[in-house]
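See below for work-v3.cif, which holds mmCIF, C-alpha atoms.
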```
data_work
loop_
_atom_site.label_atom_id
_atom_site.label_comp_id
_atom_site.auth_asym_id
_atom_site.auth_seq_id
_atom_site.Cartn_x
_atom_site.Cartn_y
_atom_site.Cartn_z
CA MET A 1 -22.48 -34.65 -17.77
CA SER A 2 -23.89 -31.73 -15.85
CA ASP A 3 -23.36 -30.75 -12.26
CA ALA A 4 -26.81 -31.52 -10.81
CA SER A 5 -26.21 -30.77 -7.12
CA PRO A 6 -27.88 -27.60 -5.83
CA PRO A 7 -25.53 -24.63 -5.60
CA SER A 8 -24.30 -23.93 -2.09
CA ARG A 9 -21.80 -21.34 -0.92
CA GLY A 10 -20.55 -23.62 1.82
CA ARG A 11 -19.81 -26.67 -0.27
CA PRO A 12 -16.12 -26.98 -1.22
CA ARG A 13 -15.39 -26.61 -4.91
CA ASP A 14 -14.08 -29.68 -6.73
CA PRO A 15 -10.47 -28.96 -7.71
CA ARG A 16 -10.66 -31.50 -10.54
CA SER A 17 -13.55 -29.60 -12.13
CA HIS A 18 -11.57 -26.40 -11.70
CA GLU A 19 -8.56 -27.85 -13.51
CA ALA A 20 -10.71 -29.46 -16.20
CA ILE A 21 -12.40 -26.13 -16.92
CA LEU A 22 -9.09 -24.27 -17.17
CA ARG A 23 -7.60 -26.95 -19.40
CA ALA A 24 -10.66 -26.97 -21.68
CA THR A 25 -10.48 -23.18 -21.97
CA ALA A 26 -6.82 -23.21 -22.97
CA GLU A 27 -7.46 -25.96 -25.54
CA LEU A 28 -10.36 -24.07 -27.10
CA MET A 29 -8.29 -20.89 -27.33
CA VAL A 30 -5.87 -22.74 -29.59
CA GLU A 31 -8.54 -24.63 -31.54
CA SER A 32 -11.18 -21.96 -32.05
CA GLY A 33 -9.78 -18.64 -30.83
CA TYR A 34 -11.14 -16.20 -28.25
CA ALA A 35 -14.19 -14.79 -30.02
CA ALA A 36 -15.52 -18.15 -31.15
CA THR A 37 -15.19 -19.83 -27.73
CA SER A 38 -18.32 -19.68 -25.60
CA ILE A 39 -18.84 -20.64 -21.95
CA GLY A 40 -21.11 -23.39 -23.25
CA ALA A 41 -18.32 -24.81 -25.39
CA VAL A 42 -15.94 -24.78 -22.43
CA ALA A 43 -18.54 -26.50 -20.24
CA ALA A 44 -19.10 -29.22 -22.82
CA ARG A 45 -15.37 -29.84 -23.28
CA ALA A 46 -14.78 -29.94 -19.51
CA GLY A 47 -17.78 -32.16 -18.85
CA VAL A 48 -19.48 -29.77 -16.43
CA GLY A 49 -22.57 -27.60 -16.45
CA LYS A 50 -22.39 -23.93 -17.39
CA ASP A 51 -23.54 -23.05 -13.88
CA THR A 52 -20.43 -24.75 -12.50
CA ILE A 53 -18.36 -22.29 -14.51
CA TYR A 54 -20.44 -19.22 -13.65
CA ARG A 55 -20.20 -20.09 -9.96
CA ARG A 56 -16.43 -19.62 -10.13
CA TRP A 57 -15.94 -16.95 -12.79
CA PRO A 58 -18.10 -13.90 -13.62
CA GLY A 59 -17.54 -14.32 -17.33
CA LYS A 60 -15.33 -15.26 -20.27
CA PRO A 61 -12.58 -12.64 -19.81
CA GLU A 62 -11.97 -13.70 -16.20
CA LEU A 63 -11.99 -17.40 -17.11
CA VAL A 64 -9.66 -17.02 -20.08
CA PHE A 65 -7.28 -14.78 -18.13
CA GLU A 66 -6.94 -17.35 -15.37
CA ALA A 67 -6.62 -20.25 -17.80
CA VAL A 68 -3.96 -18.63 -19.90
CA PHE A 69 -2.16 -15.84 -18.07
CA THR A 70 -1.60 -16.98 -14.51
CA THR A 71 0.53 -20.06 -15.07
CA THR A 72 3.48 -18.52 -13.19
CA ASP A 73 1.53 -17.20 -10.20
CA GLU A 74 2.09 -20.38 -8.17
CA VAL A 75 5.84 -20.27 -8.71
CA PRO A 76 7.74 -18.39 -5.96
CA PRO A 77 9.18 -15.03 -7.06
CA PRO A 78 12.70 -15.36 -8.47
CA ASP A 79 15.61 -14.82 -6.06
CA THR A 80 18.77 -14.68 -8.15
CA GLY A 81 20.66 -12.32 -5.86
CA THR A 82 20.38 -9.19 -8.00
CA LEU A 83 17.57 -6.94 -9.21
CA LEU A 84 18.72 -7.43 -12.79
CA GLY A 85 18.60 -11.21 -12.41
CA ASP A 86 15.19 -11.15 -10.74
CA LEU A 87 13.64 -8.79 -13.29
CA THR A 88 15.08 -10.86 -16.12
CA ALA A 89 13.55 -14.02 -14.64
CA LEU A 90 10.18 -12.32 -14.08
CA LEU A 91 10.12 -11.01 -17.62
CA GLN A 92 11.26 -14.29 -19.08
CA GLY A 93 8.35 -15.94 -17.29
CA LEU A 94 5.99 -13.35 -18.76
CA VAL A 95 7.43 -13.79 -22.24
CA ASP A 96 7.23 -17.58 -22.04
CA GLU A 97 3.62 -17.30 -20.89
CA PHE A 98 2.75 -14.99 -23.76
CA ARG A 99 4.49 -17.18 -26.32
CA ALA A 100 2.27 -20.15 -25.48
CA PRO A 101 -0.20 -20.78 -28.31
CA ALA A 102 -3.22 -20.33 -26.04
CA ALA A 103 -1.99 -16.93 -24.88
CA ALA A 104 -1.16 -15.69 -28.35
CA ALA A 105 -4.61 -16.81 -29.49
CA ALA A 106 -6.42 -15.23 -26.56
CA LEU A 107 -4.68 -11.91 -26.03
CA PRO A 108 -6.06 -9.76 -28.85
CA GLY A 109 -9.68 -10.63 -28.05
CA LEU A 110 -9.05 -10.31 -24.31
CA LEU A 111 -7.60 -6.83 -24.78
CA ALA A 112 -10.62 -5.86 -26.87
CA ASP A 113 -13.02 -7.10 -24.17
CA PHE A 114 -11.09 -5.20 -21.47
CA ALA A 115 -11.18 -2.01 -23.49
CA ALA A 116 -14.92 -2.33 -24.16
CA ASP A 117 -16.01 -2.95 -20.57
CA PRO A 118 -15.44 -0.17 -17.99
CA ASP A 119 -16.36 -2.56 -15.22
CA LEU A 120 -13.70 -5.06 -16.29
CA ARG A 121 -11.17 -2.27 -16.69
CA ALA A 122 -11.86 -1.07 -13.17
CA ARG A 123 -10.94 -4.54 -11.91
CA ILE A 124 -7.72 -4.97 -13.87
CA ARG A 125 -5.48 -3.71 -11.08
CA GLY A 126 -7.27 -5.62 -8.36
CA ASP A 127 -8.35 -8.91 -9.91
CA PHE A 128 -5.94 -9.45 -12.74
CA LEU A 129 -2.65 -7.79 -11.86
CA ALA A 130 -2.59 -8.32 -8.09
CA PRO A 131 -0.52 -11.56 -8.13
CA SER A 132 2.04 -10.06 -10.51
CA LYS A 133 2.26 -6.97 -8.36
CA GLU A 134 2.85 -9.14 -5.26
CA ARG A 135 5.73 -10.89 -6.98
CA LEU A 136 7.27 -7.61 -8.10
CA LEU A 137 6.93 -6.20 -4.57
CA VAL A 138 8.89 -9.14 -3.14
CA VAL A 139 11.61 -8.59 -5.75
CA PHE A 140 11.66 -4.86 -4.93
CA GLU A 141 11.84 -5.47 -1.17
CA ARG A 142 14.95 -7.61 -1.62
CA ALA A 143 16.47 -4.98 -3.94
CA VAL A 144 15.84 -2.27 -1.33
CA LEU A 145 17.54 -4.40 1.35
CA ARG A 146 20.53 -4.86 -0.95
CA GLY A 147 20.67 -1.10 -1.52
CA GLU A 148 20.01 -1.47 -5.25
CA ILE A 149 16.88 0.67 -5.38
CA ALA A 150 15.21 3.29 -3.20
CA GLY A 151 12.22 2.40 -1.05
CA GLU A 152 9.92 4.72 -2.95
CA THR A 153 10.53 3.15 -6.38
CA PRO A 154 7.14 3.30 -8.12
CA VAL A 155 5.91 -0.31 -8.31
CA ASP A 156 2.75 0.37 -10.34
CA LEU A 157 4.69 2.32 -12.94
CA VAL A 158 7.27 -0.45 -13.35
CA LEU A 159 4.55 -3.11 -13.46
CA ASP A 160 2.64 -1.16 -16.14
CA THR A 161 5.82 -0.67 -18.11
CA LEU A 162 6.77 -4.35 -18.06
CA ALA A 163 3.26 -5.67 -18.64
CA GLY A 164 2.52 -2.94 -21.16
CA ALA A 165 5.65 -3.63 -23.18
CA VAL A 166 4.86 -7.34 -23.42
CA PHE A 167 1.11 -6.87 -24.00
CA PHE A 168 1.81 -4.33 -26.72
CA HIS A 169 4.52 -6.34 -28.39
CA VAL A 170 2.65 -9.64 -28.38
CA GLY A 171 -1.02 -8.71 -28.13
CA LEU A 172 -1.11 -5.81 -30.49
CA VAL A 173 1.84 -5.99 -32.82
CA GLY A 174 1.51 -9.76 -32.69
CA GLU A 175 5.21 -10.48 -32.80
CA HIS A 176 6.69 -13.48 -31.04
CA PRO A 177 9.14 -11.94 -28.60
CA ARG A 178 12.70 -13.18 -29.05
CA ARG A 179 14.36 -14.72 -26.00
CA GLU A 180 16.72 -11.73 -25.79
CA THR A 181 13.82 -9.31 -25.55
CA ALA A 182 13.19 -10.18 -21.89
CA ALA A 183 16.85 -9.75 -20.94
CA LEU A 184 17.13 -6.47 -22.83
CA LEU A 185 13.99 -4.96 -21.33
CA ALA A 186 14.98 -6.15 -17.83
CA ALA A 187 18.39 -4.51 -18.29
CA VAL A 188 16.88 -1.18 -19.36
CA VAL A 189 14.37 -1.14 -16.49
CA ALA A 190 16.86 -2.34 -13.85
CA LYS A 191 19.38 0.31 -14.88
CA GLY A 192 16.55 2.83 -15.02
CA ILE A 193 15.54 2.36 -11.39
CA GLU A 194 18.83 1.44 -9.70
CA VAL A 195 20.34 4.05 -7.39
CA ARG A 196 23.86 2.70 -7.09
CA MET B 197 -21.08 17.26 -52.46
CA SER B 198 -19.25 14.36 -53.96
CA ASP B 199 -15.85 14.22 -55.56
CA ALA B 200 -16.88 13.60 -59.18
CA SER B 201 -13.48 13.67 -60.88
CA PRO B 202 -12.23 10.31 -62.14
CA PRO B 203 -9.68 8.70 -59.83
CA SER B 204 -6.10 9.15 -60.96
CA ARG B 205 -2.89 8.08 -59.25
CA GLY B 206 -1.04 11.09 -60.58
CA ARG B 207 -3.44 13.81 -59.40
CA PRO B 208 -2.32 15.44 -56.13
CA ARG B 209 -4.60 14.81 -53.18
CA ASP B 210 -6.46 17.83 -51.78
CA PRO B 211 -5.06 18.51 -48.29
CA ARG B 212 -8.28 20.23 -47.25
CA SER B 213 -10.28 17.09 -48.00
CA HIS B 214 -7.73 15.06 -46.06
CA GLU B 215 -8.08 17.31 -43.01
CA ALA B 216 -11.86 17.47 -43.31
CA ILE B 217 -12.06 13.67 -43.38
CA LEU B 218 -9.82 13.28 -40.32
CA ARG B 219 -11.73 15.94 -38.42
CA ALA B 220 -15.08 14.36 -39.29
CA THR B 221 -13.80 10.98 -38.13
CA ALA B 222 -12.62 12.31 -34.77
CA GLU B 223 -15.95 14.11 -34.24
CA LEU B 224 -17.97 11.00 -35.03
CA MET B 225 -15.86 8.93 -32.62
CA VAL B 226 -16.98 11.17 -29.80
CA GLU B 227 -20.58 11.50 -31.00
CA SER B 228 -21.38 7.96 -32.08
CA GLY B 229 -18.48 5.72 -31.10
CA TYR B 230 -16.36 3.40 -33.22
CA ALA B 231 -18.81 0.64 -34.10
CA ALA B 232 -21.62 2.98 -35.11
CA THR B 233 -19.44 5.16 -37.36
CA SER B 234 -19.39 4.10 -41.00
CA ILE B 235 -17.22 5.33 -43.86
CA GLY B 236 -20.44 6.69 -45.37
CA ALA B 237 -21.15 8.75 -42.26
CA VAL B 238 -17.61 10.15 -42.31
CA ALA B 239 -17.94 11.00 -46.00
CA ALA B 240 -21.23 12.82 -45.42
CA ARG B 241 -19.83 14.78 -42.49
CA ALA B 242 -16.68 15.73 -44.42
CA GLY B 243 -18.57 16.62 -47.57
CA VAL B 244 -16.71 14.17 -49.82
CA GLY B 245 -17.54 10.97 -51.63
CA LYS B 246 -16.81 7.59 -50.09
CA ASP B 247 -14.39 6.92 -52.94
CA THR B 248 -12.34 9.90 -51.83
CA ILE B 249 -11.89 8.20 -48.50
CA TYR B 250 -11.17 4.74 -49.89
CA ARG B 251 -8.54 6.20 -52.20
CA ARG B 252 -6.52 7.28 -49.17
CA TRP B 253 -7.29 4.61 -46.55
CA PRO B 254 -7.89 0.86 -46.97
CA GLY B 255 -10.60 0.86 -44.33
CA LYS B 256 -12.06 2.13 -41.07
CA PRO B 257 -9.30 0.97 -38.69
CA GLU B 258 -6.61 2.76 -40.69
CA LEU B 259 -8.70 5.94 -40.99
CA VAL B 260 -9.65 6.05 -37.31
CA PHE B 261 -6.08 5.34 -36.21
CA GLU B 262 -4.76 8.22 -38.28
CA ALA B 263 -7.54 10.57 -37.16
CA VAL B 264 -7.12 9.84 -33.48
CA PHE B 265 -3.68 8.44 -32.70
CA THR B 266 -1.33 10.40 -34.91
CA THR B 267 -2.17 13.94 -33.87
CA THR B 268 1.44 14.57 -32.85
CA ASP B 269 3.01 13.16 -36.00
CA GLU B 270 2.98 16.51 -37.84
CA VAL B 271 4.68 18.25 -34.94
CA PRO B 272 8.49 18.20 -35.31
CA PRO B 273 10.18 15.81 -32.86
CA PRO B 274 11.03 17.54 -29.57
CA ASP B 275 14.51 19.04 -29.31
CA THR B 276 14.98 20.04 -25.70
CA GLY B 277 18.73 19.48 -25.63
CA THR B 278 18.73 16.28 -23.60
CA LEU B 279 17.46 12.74 -24.12
CA LEU B 280 15.51 12.98 -20.87
CA GLY B 281 13.80 16.19 -22.00
CA ASP B 282 12.99 14.78 -25.43
CA LEU B 283 11.62 11.49 -24.09
CA THR B 284 9.53 13.38 -21.54
CA ALA B 285 8.03 15.54 -24.28
CA LEU B 286 7.36 12.51 -26.52
CA LEU B 287 5.67 10.67 -23.68
CA GLN B 288 3.60 13.67 -22.63
CA GLY B 289 2.38 13.88 -26.22
CA LEU B 290 1.45 10.21 -26.15
CA VAL B 291 -0.39 10.58 -22.85
CA ASP B 292 -2.30 13.63 -24.09
CA GLU B 293 -3.25 11.74 -27.23
CA PHE B 294 -4.59 8.72 -25.33
CA ARG B 295 -6.53 10.95 -22.96
CA ALA B 296 -8.39 12.76 -25.75
CA PRO B 297 -12.12 11.91 -25.84
CA ALA B 298 -11.88 10.66 -29.43
CA ALA B 299 -9.11 8.23 -28.47
CA ALA B 300 -10.98 6.89 -25.45
CA ALA B 301 -14.07 6.43 -27.64
CA ALA B 302 -12.19 4.76 -30.47
CA LEU B 303 -9.80 2.44 -28.65
CA PRO B 304 -12.14 -0.45 -27.74
CA GLY B 305 -13.51 -0.82 -31.24
CA LEU B 306 -10.09 -0.40 -32.80
CA LEU B 307 -8.68 -3.14 -30.55
CA ALA B 308 -11.58 -5.39 -31.49
CA ASP B 309 -10.86 -4.89 -35.19
CA PHE B 310 -7.17 -5.57 -34.61
CA ALA B 311 -8.07 -8.71 -32.66
CA ALA B 312 -10.24 -10.02 -35.45
CA ASP B 313 -7.85 -9.31 -38.32
CA PRO B 314 -4.34 -10.84 -38.36
CA ASP B 315 -3.63 -9.00 -41.61
CA LEU B 316 -4.25 -5.66 -39.91
CA ARG B 317 -2.03 -6.69 -37.01
CA ALA B 318 0.75 -7.62 -39.41
CA ARG B 319 0.71 -4.07 -40.70
CA ILE B 320 0.91 -2.34 -37.34
CA ARG B 321 4.70 -1.86 -37.35
CA GLY B 322 4.78 -0.62 -40.92
CA ASP B 323 1.61 1.39 -41.34
CA PHE B 324 0.71 2.52 -37.87
CA LEU B 325 3.89 2.82 -35.81
CA ALA B 326 6.24 4.05 -38.54
CA PRO B 327 5.77 7.80 -37.85
CA SER B 328 6.32 7.35 -34.11
CA LYS B 329 9.40 5.29 -34.82
CA GLU B 330 10.73 8.03 -37.12
CA ARG B 331 10.33 10.61 -34.37
CA LEU B 332 12.08 8.40 -31.84
CA LEU B 333 14.91 7.76 -34.31
CA VAL B 334 15.50 11.52 -34.68
CA VAL B 335 15.60 11.87 -30.89
CA PHE B 336 18.01 8.93 -30.67
CA GLU B 337 20.28 10.30 -33.40
CA ARG B 338 20.68 13.56 -31.46
CA ALA B 339 21.31 11.62 -28.24
CA VAL B 340 24.02 9.55 -29.97
CA LEU B 341 25.70 12.76 -31.24
CA ARG B 342 25.64 14.15 -27.69
CA GLY B 343 27.20 10.92 -26.44
CA GLU B 344 24.19 10.13 -24.24
CA ILE B 345 23.39 6.74 -25.77
CA ALA B 346 25.14 4.15 -27.91
CA GLY B 347 24.39 3.88 -31.60
CA GLU B 348 22.96 0.38 -31.27
CA THR B 349 20.28 1.31 -28.68
CA PRO B 350 17.26 -0.84 -29.58
CA VAL B 351 14.66 1.53 -31.04
CA ASP B 352 11.83 -0.98 -31.43
CA LEU B 353 12.18 -2.15 -27.84
CA VAL B 354 12.09 1.41 -26.49
CA LEU B 355 9.15 2.30 -28.75
CA ASP B 356 7.19 -0.75 -27.57
CA THR B 357 8.05 0.06 -23.97
CA LEU B 358 6.92 3.69 -24.16
CA ALA B 359 3.82 3.03 -26.27
CA GLY B 360 3.01 -0.10 -24.31
CA ALA B 361 3.27 1.63 -20.96
CA VAL B 362 0.95 4.47 -22.04
CA PHE B 363 -1.44 2.11 -23.86
CA PHE B 364 -1.64 -0.08 -20.79
CA HIS B 365 -1.81 2.63 -18.14
CA VAL B 366 -4.13 5.05 -19.92
CA GLY B 367 -5.81 3.05 -22.65
CA LEU B 368 -6.47 -0.19 -20.85
CA VAL B 369 -6.45 0.36 -17.10
CA GLY B 370 -8.00 3.71 -17.87
CA GLU B 371 -6.33 5.62 -15.10
CA HIS B 372 -5.84 9.33 -15.53
CA PRO B 373 -2.08 9.61 -15.45
CA ARG B 374 -0.74 12.19 -13.09
CA ARG B 375 1.37 14.87 -14.74
CA GLU B 376 4.46 13.26 -13.22
CA THR B 377 3.80 9.88 -14.86
CA ALA B 378 5.28 10.88 -18.24
CA ALA B 379 8.31 12.47 -16.56
CA LEU B 380 8.85 9.48 -14.28
CA LEU B 381 8.65 6.92 -17.08
CA ALA B 382 10.90 9.07 -19.28
CA ALA B 383 13.42 9.24 -16.43
CA VAL B 384 13.44 5.47 -15.95
CA VAL B 385 13.84 4.77 -19.67
CA ALA B 386 16.42 7.51 -20.23
CA LYS B 387 18.52 6.30 -17.32
CA GLY B 388 18.00 2.75 -18.55
CA ILE B 389 19.54 3.41 -21.95
CA GLU B 390 22.09 6.14 -21.21
CA VAL B 391 25.76 5.19 -21.36
CA ARG B 392 27.30 8.11 -19.53
#
```

Taking this structure as input, can you express it in the form of structure tokens?
Amino acid sequence: MSDASPPSRGRPRDPRSHEAILRATAELMVESGYAATSIGAVAARAGVGKDTIYRRWPGKPELVFEAVFTTTDEVPPPDTGTLLGDLTALLQGLVDEFRAPAAAAALPGLLADFAADPDLRARIRGDFLAPSKERLLVVFERAVLRGEIAGETPVDLVLDTLAGAVFFHVGLVGEHPRRETAALLAAVVAKGIEVR
Amino acid sequence: MSDASPPSRGRPRDPRSHEAILRATAELMVESGYAATSIGAVAARAGVGKDTIYRRWPGKPELVFEAVFTTTDEVPPPDTGTLLGDLTALLQGLVDEFRAPAAAAALPGLLADFAADPDLRARIRGDFLAPSKERLLVVFERAVLRGEIAGETPVDLVLDTLAGAVFFHVGLVGEHPRRETAALLAAVVAKGIEVR
């Protein structure tokens, strides 16, 4: 089943195709792994044409990242009442996302593709990390209002530290993070940036 | 010039060969990149036989990692008198290491090899991170004696956090860290784990 309509910028994208493509990608990560999964294989599994995929995503890294690592982006940022609680919830969400089989299967190859492509690397902050940064900014704004942290707390540094710790632990070392890891890391970072 | 003596477990390894091999590897990373550098090319550059190399390292990833990412392991752990000072020095060393041309050249290929080989990944904590962990343990022991941190401070978590943050910020996102980045991250982590 291929998408035979002529491409048009104005025509609304079919959300069902979008979901089918993301679901197919996640399935193939688990079944075949990152390196062995091609755009063609995803298209076949999702029942769309390859052009349907390329119209939405520039390439495999972008597609896999969205299919596997943005599952919490639709969820509102946590609002537990304290910075420690919010950071713990954010990190727990990250850890849960990384523990999913599709994520564990995809991360090493995704990291390798990022490292090999300067163009992709240049877009990491903008395209890939922007939603996570937005969520962290909301958490920080509340913490500033509560007097927990100073207004000039370095968001990018904290984001890199949190994402880096999880990426490194799961993607490189390949260990399944224990549930306590999120709470522990959140406690260290919260205490590290709190001013009161 | 090949090493013609028969291999023997008991015979001491020649430190000059060891250094020559590591130096040749780092040079070839910059000149030819990871993928294009073979053990044979390293052997030729270092003036040793390939067997001399294989006697010391199981393969290319292990050799490249040691040549490029352990340059600070021979240096004694920092002893500035405070945990903050020691962590800052450790982090600055890490940042300098990741910024070196050989590291930038080697990282993508090294990540790709890690991604493709679960066996290699399983050995990261033991073979690759052990020296860094030793250095951090010495720093922690001094901090415990000074009453700065508790004895049960989680070393692996802090190691992952520091290495992960630098790996992510410098190695992946590829940003040139400002001089203050190491100091800032050290301050957050030190404050995060200090008990007094």

* Nearest residue to Glu348 in chain B from the set B:Asp309, B:Glu390, B:Glu376, B:Glu330 (distances using only C-alpha atoms) -> B:Glu390

* Reference answer for the PyMOL selection byres ((chain B) within 8 of (chain A)), as number ranges by chain -> B: 303-305, 307-308, 310-312, 317-318, 320-321, 353, 356-365, 367-370, 377, 381, 383-389

* 7 Å contact set for Ala24 in chain A, all atoms listed in the file, chain neighbours under 4 positions out, as a count of residues only -> 5

* Asked: Residues at most 12 Å from Pro272 in chain B, counting all atoms listed in the file, excluding those fewer than 5 positions away in the same chain, as a ChimeraX atom specification?
  -> /B:267,282,285-286,289,327-328,330-332,334-335

* Asked: Any idea what's packed within 9 Å of Thr70 in chain A, counting all atoms listed in the file, ignoring anything in its chain fewer than 4 positions away? Could you give it as a PyMOL selection string?
  -> chain A and resi 65-66+74+97+128+131-132

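Between CA of Pro58 in chain A and CA of Ala104 in chain A the separation is 22.5 Å.
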
* Coordinates-based distance that separates CA of Lys329 in chain B from CA of Val291 in chain B (Å, one decimal) ->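 That distance, rounded to one decimal, is 16.3 Å.
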
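Counting from CA of Asp73 in chain A, the distance to CA of Asp51 in chain A is 26.0 Å.
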
* **Chain and number of each residue from the PyMOL selection byres ((chain B and resi 234) around 12), as a VMD selection string** => chain B and resid 220 to 221 224 to 225 228 to 233 235 to 241 246 249 255 to 257 259 to 260

Produce the centre coordinates and the three edge lengths, each in Å to one decimal, of the box along x, y and z that contains all listed atoms of range 326-345 of chain B with 4 Å added on each side, as AutoDock Vina command-line options.
```
--center_x 16.5 --center_y 9.1 --center_z -31.4 --size_x 29.4 --size_y 18.1 --size_z 22.3
```

Mind rebuilding range 132-148 of chain A with N, CA, C and O atoms and writing that out as a PDB file, keeping the file's coordinate frame?
```
ATOM      1  N   SER A 132       0.793 -10.554  -9.904  1.00  0.00           N
ATOM      2  CA  SER A 132       2.040 -10.060 -10.510  1.00  0.00           C
ATOM      3  C   SER A 132       2.632  -8.942  -9.685  1.00  0.00           C
ATOM      4  O   SER A 132       3.852  -8.851  -9.521  1.00  0.00           O
ATOM      5  N   LYS A 133       1.768  -8.080  -9.167  1.00  0.00           N
ATOM      6  CA  LYS A 133       2.260  -6.970  -8.360  1.00  0.00           C
ATOM      7  C   LYS A 133       2.891  -7.507  -7.067  1.00  0.00           C
ATOM      8  O   LYS A 133       3.936  -7.005  -6.629  1.00  0.00           O
ATOM      9  N   GLU A 134       2.281  -8.527  -6.469  1.00  0.00           N
ATOM     10  CA  GLU A 134       2.850  -9.140  -5.260  1.00  0.00           C
ATOM     11  C   GLU A 134       4.257  -9.657  -5.512  1.00  0.00           C
ATOM     12  O   GLU A 134       5.165  -9.443  -4.698  1.00  0.00           O
ATOM     13  N   ARG A 135       4.423 -10.332  -6.640  1.00  0.00           N
ATOM     14  CA  ARG A 135       5.730 -10.890  -6.980  1.00  0.00           C
ATOM     15  C   ARG A 135       6.761  -9.776  -7.185  1.00  0.00           C
ATOM     16  O   ARG A 135       7.905  -9.866  -6.710  1.00  0.00           O
ATOM     17  N   LEU A 136       6.350  -8.731  -7.850  1.00  0.00           N
ATOM     18  CA  LEU A 136       7.270  -7.610  -8.100  1.00  0.00           C
ATOM     19  C   LEU A 136       7.620  -6.920  -6.782  1.00  0.00           C
ATOM     20  O   LEU A 136       8.758  -6.495  -6.585  1.00  0.00           O
ATOM     21  N   LEU A 137       6.667  -6.816  -5.876  1.00  0.00           N
ATOM     22  CA  LEU A 137       6.930  -6.200  -4.570  1.00  0.00           C
ATOM     23  C   LEU A 137       7.973  -6.992  -3.787  1.00  0.00           C
ATOM     24  O   LEU A 137       8.845  -6.407  -3.141  1.00  0.00           O
ATOM     25  N   VAL A 138       7.899  -8.314  -3.835  1.00  0.00           N
ATOM     26  CA  VAL A 138       8.890  -9.140  -3.140  1.00  0.00           C
ATOM     27  C   VAL A 138      10.279  -8.894  -3.730  1.00  0.00           C
ATOM     28  O   VAL A 138      11.259  -8.722  -3.006  1.00  0.00           O
ATOM     29  N   VAL A 139      10.341  -8.859  -5.058  1.00  0.00           N
ATOM     30  CA  VAL A 139      11.610  -8.590  -5.750  1.00  0.00           C
ATOM     31  C   VAL A 139      12.138  -7.210  -5.355  1.00  0.00           C
ATOM     32  O   VAL A 139      13.328  -7.038  -5.068  1.00  0.00           O
ATOM     33  N   PHE A 140      11.249  -6.219  -5.303  1.00  0.00           N
ATOM     34  CA  PHE A 140      11.660  -4.860  -4.930  1.00  0.00           C
ATOM     35  C   PHE A 140      12.144  -4.806  -3.483  1.00  0.00           C
ATOM     36  O   PHE A 140      13.125  -4.132  -3.172  1.00  0.00           O
ATOM     37  N   GLU A 141      11.438  -5.494  -2.577  1.00  0.00           N
ATOM     38  CA  GLU A 141      11.840  -5.470  -1.170  1.00  0.00           C
ATOM     39  C   GLU A 141      13.264  -5.975  -0.998  1.00  0.00           C
ATOM     40  O   GLU A 141      14.063  -5.399  -0.247  1.00  0.00           O
ATOM     41  N   ARG A 142      13.582  -7.076  -1.706  1.00  0.00           N
ATOM     42  CA  ARG A 142      14.950  -7.610  -1.620  1.00  0.00           C
ATOM     43  C   ARG A 142      15.945  -6.600  -2.179  1.00  0.00           C
ATOM     44  O   ARG A 142      17.035  -6.416  -1.644  1.00  0.00           O
ATOM     45  N   ALA A 143      15.575  -5.946  -3.299  1.00  0.00           N
ATOM     46  CA  ALA A 143      16.470  -4.980  -3.940  1.00  0.00           C
ATOM     47  C   ALA A 143      16.719  -3.780  -3.022  1.00  0.00           C
ATOM     48  O   ALA A 143      17.820  -3.237  -2.978  1.00  0.00           O
ATOM     49  N   VAL A 144      15.683  -3.375  -2.274  1.00  0.00           N
ATOM     50  CA  VAL A 144      15.840  -2.270  -1.330  1.00  0.00           C
ATOM     51  C   VAL A 144      16.823  -2.677  -0.234  1.00  0.00           C
ATOM     52  O   VAL A 144      17.742  -1.932   0.124  1.00  0.00           O
ATOM     53  N   LEU A 145      16.646  -3.903   0.307  1.00  0.00           N
ATOM     54  CA  LEU A 145      17.540  -4.400   1.350  1.00  0.00           C
ATOM     55  C   LEU A 145      18.991  -4.474   0.886  1.00  0.00           C
ATOM     56  O   LEU A 145      19.921  -4.243   1.657  1.00  0.00           O
ATOM     57  N   ARG A 146      19.179  -4.798  -0.404  1.00  0.00           N
ATOM     58  CA  ARG A 146      20.530  -4.860  -0.950  1.00  0.00           C
ATOM     59  C   ARG A 146      21.059  -3.486  -1.328  1.00  0.00           C
ATOM     60  O   ARG A 146      22.196  -3.344  -1.748  1.00  0.00           O
ATOM     61  N   GLY A 147      20.232  -2.440  -1.182  1.00  0.00           N
ATOM     62  CA  GLY A 147      20.670  -1.100  -1.520  1.00  0.00           C
ATOM     63  C   GLY A 147      20.658  -0.802  -3.012  1.00  0.00           C
ATOM     64  O   GLY A 147      21.225   0.197  -3.471  1.00  0.00           O
ATOM     65  N   GLU A 148      20.012  -1.674  -3.803  1.00  0.00           N
ATOM     66  CA  GLU A 148      20.010  -1.470  -5.250  1.00  0.00           C
ATOM     67  C   GLU A 148      19.032  -0.388  -5.669  1.00  0.00           C
ATOM     68  O   GLU A 148      19.290   0.367  -6.611  1.00  0.00           O
TER      69      GLU A 148
END
```
